[in-house]
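Below is one structure, written out as structure tokens, with a few remarks after it.
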Amino acid sequence: MRKSEVLAAESVACLNKALCHLKDIWEEIGIPEDQRLQRTNVVKNHIKGLLDMMITEEESLRTRLLSSIEACRKQLDTLCLELQLPPFEEERGVTMLQQEKEIRTQVEMLVKERTQRMQQLKALTERDQGLSDTLCSDPYALDPNAVPSLEQLDGFRQHIASQTTEKERRRAEFVGIKRQIILCMDDLDQLPETSFEKDIICEDQEAFCLSKDNIASLKLLLGQLEERKAENQAVCEAHREKIQELWDRLQVPQEERELFSEHMVVSKKKNLDALEAEGRRLMELKQLNMQNVTEAIRSEIAVLWEKCFFSSDQQQAFVPYYSNDFTEQLLGLHEAEILRLKQHYEEHKELFEGVQRWEESWRLFLELEKKATDPSRFTNRGGNLLKEEKQKAELHKSLPKLEKKLKAQIDVWEQEQAREFLVNGQKFLQFVEEQWELHRIEKENEKLERQLKKSKQIEVDMLYGTAVRTPTKRRFLGTTTPSKARKVPSVRTPGRSKPPLAGLQERNKENMGQVTGLGVPLQSARPLQGH
């Protein structure tokens, strides 16, 4: 039996005992039966009223519980729907109080969850709005009045993180571009003119809208400024080159040049103005020193003629070079000619340098050949003779290689240009062949001269009975030299030695009899025209 049933039985027993006690009291007092009946009815009504009141209160409690359960169920369903959760399953076999408590607890928990999500949504929305304003992008597509799911909140956070990273990237890009724009404007001596330029330079960079369009406009502005800066630099370089050229031609003192040194390096607007002013000043000086400037250009032209291996005919073809009527027109012709020569040299610089290397190697080879026939070379005790022989052997091997390389370069050049590559008005390879041929003839003439000299000495010895003794040889004591007549050797011209370039043909037969002046290098073979 439950405790409540025991208490109920005890209550009934207590009531019966009380009624019996009341009955005994009434009998003892002598209260009549009708009054006892009346009094008993009062007790009954009193007890009944008390019980009815208690029953009413408990029934009211039951009604409230049922109402609370119903309301909580509805709220719970709404919360589950808002929070995108599955429906709540109630536990079966529980009392009304337990049921109400369980549902109410669940509602309170979900209400708290709903509040937290809405608070997170509000905070994320505020951050997103700030990022959207800065980046000029659309806000995140999420209803701020609806309860977001956990997945939606995670997606929102990822979006915020991505937007924050993009903001920092654009901010860094903006700061870098802004710094370059400021430098360019400083170099150009330019102040911000448009509202966009003022927003960039003057306003707080935190307030600048980092939209894609603004970043693109920034890059476009920077590109325009850099283009103008590059144009200024190119103009400055042109002015510097012209100024340097005029300085040299006008022989401007070094002290005066050093005072202008800053403008020869920096290319800002003020430097450009200074360069233009200096150029105008020098041009005025040039007008006053027309003859000196023209003669200075002629000196440069003569150097370029040498470097480009121009022949006398090519040099004389520039008739203004020999004029003494120093006018502006004459100076202009010289300036145009030196520009043409410089361009010509730069276009064919590799070939000219190769020819120059061959000429220097050939000159050194001839000097070593000449030293090899000098009798005084045997008095050398410093080892130079061995070094010279080794150097001559190396040159004898390297010259044909260099000639072969030049031949390949010249062939390619002639195919591309559809014309011959001339040096001193003559094909270079033809000149090389002639130099080798003249060198061969000179060697043969030297050998023939030695043989003739030896034959004459033998004839003198036979005629007068004398002999030239070599100082370095000694005779042994007690020996005699047999007096047999020596046979005069027959003189024959040695065969032609084969030059390094295979298949070379003999050229310039008129030079065959010349001994003096053979193997003249390219530079010394050309007459230098005076002005």
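Naming scheme: A, B, ... for chains in displayed order of the structure tokens; residues 1 onward per chain; ligands 1 onward as shown.
Contact shell of Glu168 in chain A at 12 Å (only C-alpha atoms; same-chain neighbours under 4 positions omitted): Leu131, Thr134, Leu135, Ala161, Ser162, Gln163, Thr164, Ala172, Glu173, Phe174, Val175, Glu206 and Leu210 of chain A.
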Which of range 108-170 of chain A DSSP labels alpha helix (DSSP H), written as a PyMOL selection string | chain A and resi 108-135+150-170
Of the candidates A:Ile47, A:Trp358, A:Leu246, A:Gln409, which one gets nearest to Glu335 in chain A if we count only C-alpha atoms?
-> A:Leu246
Residues at most 9 Å from Arg240 in chain A, counting only C-alpha atoms, excluding those fewer than 4 positions away in the same chain, as a VMD selection string?
-> chain A and resid 235 to 236 244 to 245 263 to 265 275 279
Saved selection, atoms kept: C-alpha atoms, as a PDB file, in the first residue's frame:
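again-v9.pdb was written with the following content:
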```
ATOM      1  CA  VAL A 235      63.621  62.697 -72.330  1.00  0.00           C
ATOM      2  CA  CYS A 236      66.120  63.336 -69.528  1.00  0.00           C
ATOM      3  CA  GLN A 244      77.473  65.273 -72.516  1.00  0.00           C
ATOM      4  CA  GLU A 245      78.189  65.404 -76.213  1.00  0.00           C
ATOM      5  CA  HIS A 263      70.705  66.652 -62.790  1.00  0.00           C
ATOM      6  CA  MET A 264      72.735  64.048 -64.688  1.00  0.00           C
ATOM      7  CA  VAL A 265      71.439  61.311 -62.358  1.00  0.00           C
ATOM      8  CA  LEU A 275      68.459  69.768 -68.338  1.00  0.00           C
ATOM      9  CA  GLY A 279      70.722  72.161 -73.358  1.00  0.00           C
TER      10      GLY A 279
END
```
Exercise: Leu422 in chain A partners within 9 Å, only C-alpha atoms, chain neighbours under 3 positions left out, as a PDB file with N, CA, C and O atoms, in the first residue's frame:
```
ATOM      1  N   PHE A 309      86.692  50.566 -90.244  1.00  0.00           N
ATOM      2  CA  PHE A 309      87.583  50.144 -91.331  1.00  0.00           C
ATOM      3  C   PHE A 309      87.145  50.716 -92.681  1.00  0.00           C
ATOM      4  O   PHE A 309      87.064  50.009 -93.682  1.00  0.00           O
ATOM      5  N   PHE A 310      86.838  52.000 -92.699  1.00  0.00           N
ATOM      6  CA  PHE A 310      86.444  52.650 -93.941  1.00  0.00           C
ATOM      7  C   PHE A 310      87.676  52.846 -94.832  1.00  0.00           C
ATOM      8  O   PHE A 310      88.760  53.198 -94.358  1.00  0.00           O
ATOM      9  N   GLY A 425      86.925  48.971 -98.031  1.00  0.00           N
ATOM     10  CA  GLY A 425      86.505  48.875 -99.418  1.00  0.00           C
ATOM     11  C   GLY A 425      86.820  47.547-100.062  1.00  0.00           C
ATOM     12  O   GLY A 425      86.666  47.383-101.274  1.00  0.00           O
ATOM     13  N   GLN A 426      87.250  46.575 -99.290  1.00  0.00           N
ATOM     14  CA  GLN A 426      87.660  45.280 -99.821  1.00  0.00           C
ATOM     15  C   GLN A 426      87.045  44.177 -98.976  1.00  0.00           C
ATOM     16  O   GLN A 426      86.820  44.355 -97.776  1.00  0.00           O
ATOM     17  N   LYS A 427      86.740  43.027 -99.583  1.00  0.00           N
ATOM     18  CA  LYS A 427      86.217  41.909 -98.813  1.00  0.00           C
ATOM     19  C   LYS A 427      87.272  41.479 -97.804  1.00  0.00           C
ATOM     20  O   LYS A 427      88.447  41.294 -98.146  1.00  0.00           O
ATOM     21  N   PHE A 428      86.862  41.305 -96.600  1.00  0.00           N
ATOM     22  CA  PHE A 428      87.822  41.027 -95.527  1.00  0.00           C
ATOM     23  C   PHE A 428      88.596  39.733 -95.768  1.00  0.00           C
ATOM     24  O   PHE A 428      89.815  39.683 -95.593  1.00  0.00           O
TER      25      PHE A 428
END
```
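Separating CA of Leu282 in chain A from CA of Ile243 in chain A is a distance of 7.3 Å.
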Contacts of Trp413 in chain A at 12 Å (only C-alpha atoms; same-chain gap of 6+ positions) as number ranges by chain | A: 347-351, 406-407, 419-422
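Interatomic distance, CA of Phe208 in chain A against CA of Cys184 in chain A: 20.1 Å.
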Find, counting only C-alpha atoms, the residue in A:Met118, A:Val423, A:Ile301, A:Leu97 that gets nearest to Ile410 in chain A.
-> A:Val423
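Note that the spacing between CA of Lys219 in chain A and CA of Val266 in chain A amounts to 24.4 Å.
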What lies within 10 Å of Glu367 in chain A using only C-alpha atoms, ignoring chain neighbours under 5 positions off, as a PyMOL selection string?
-> chain A and resi 361-362+372+388+392
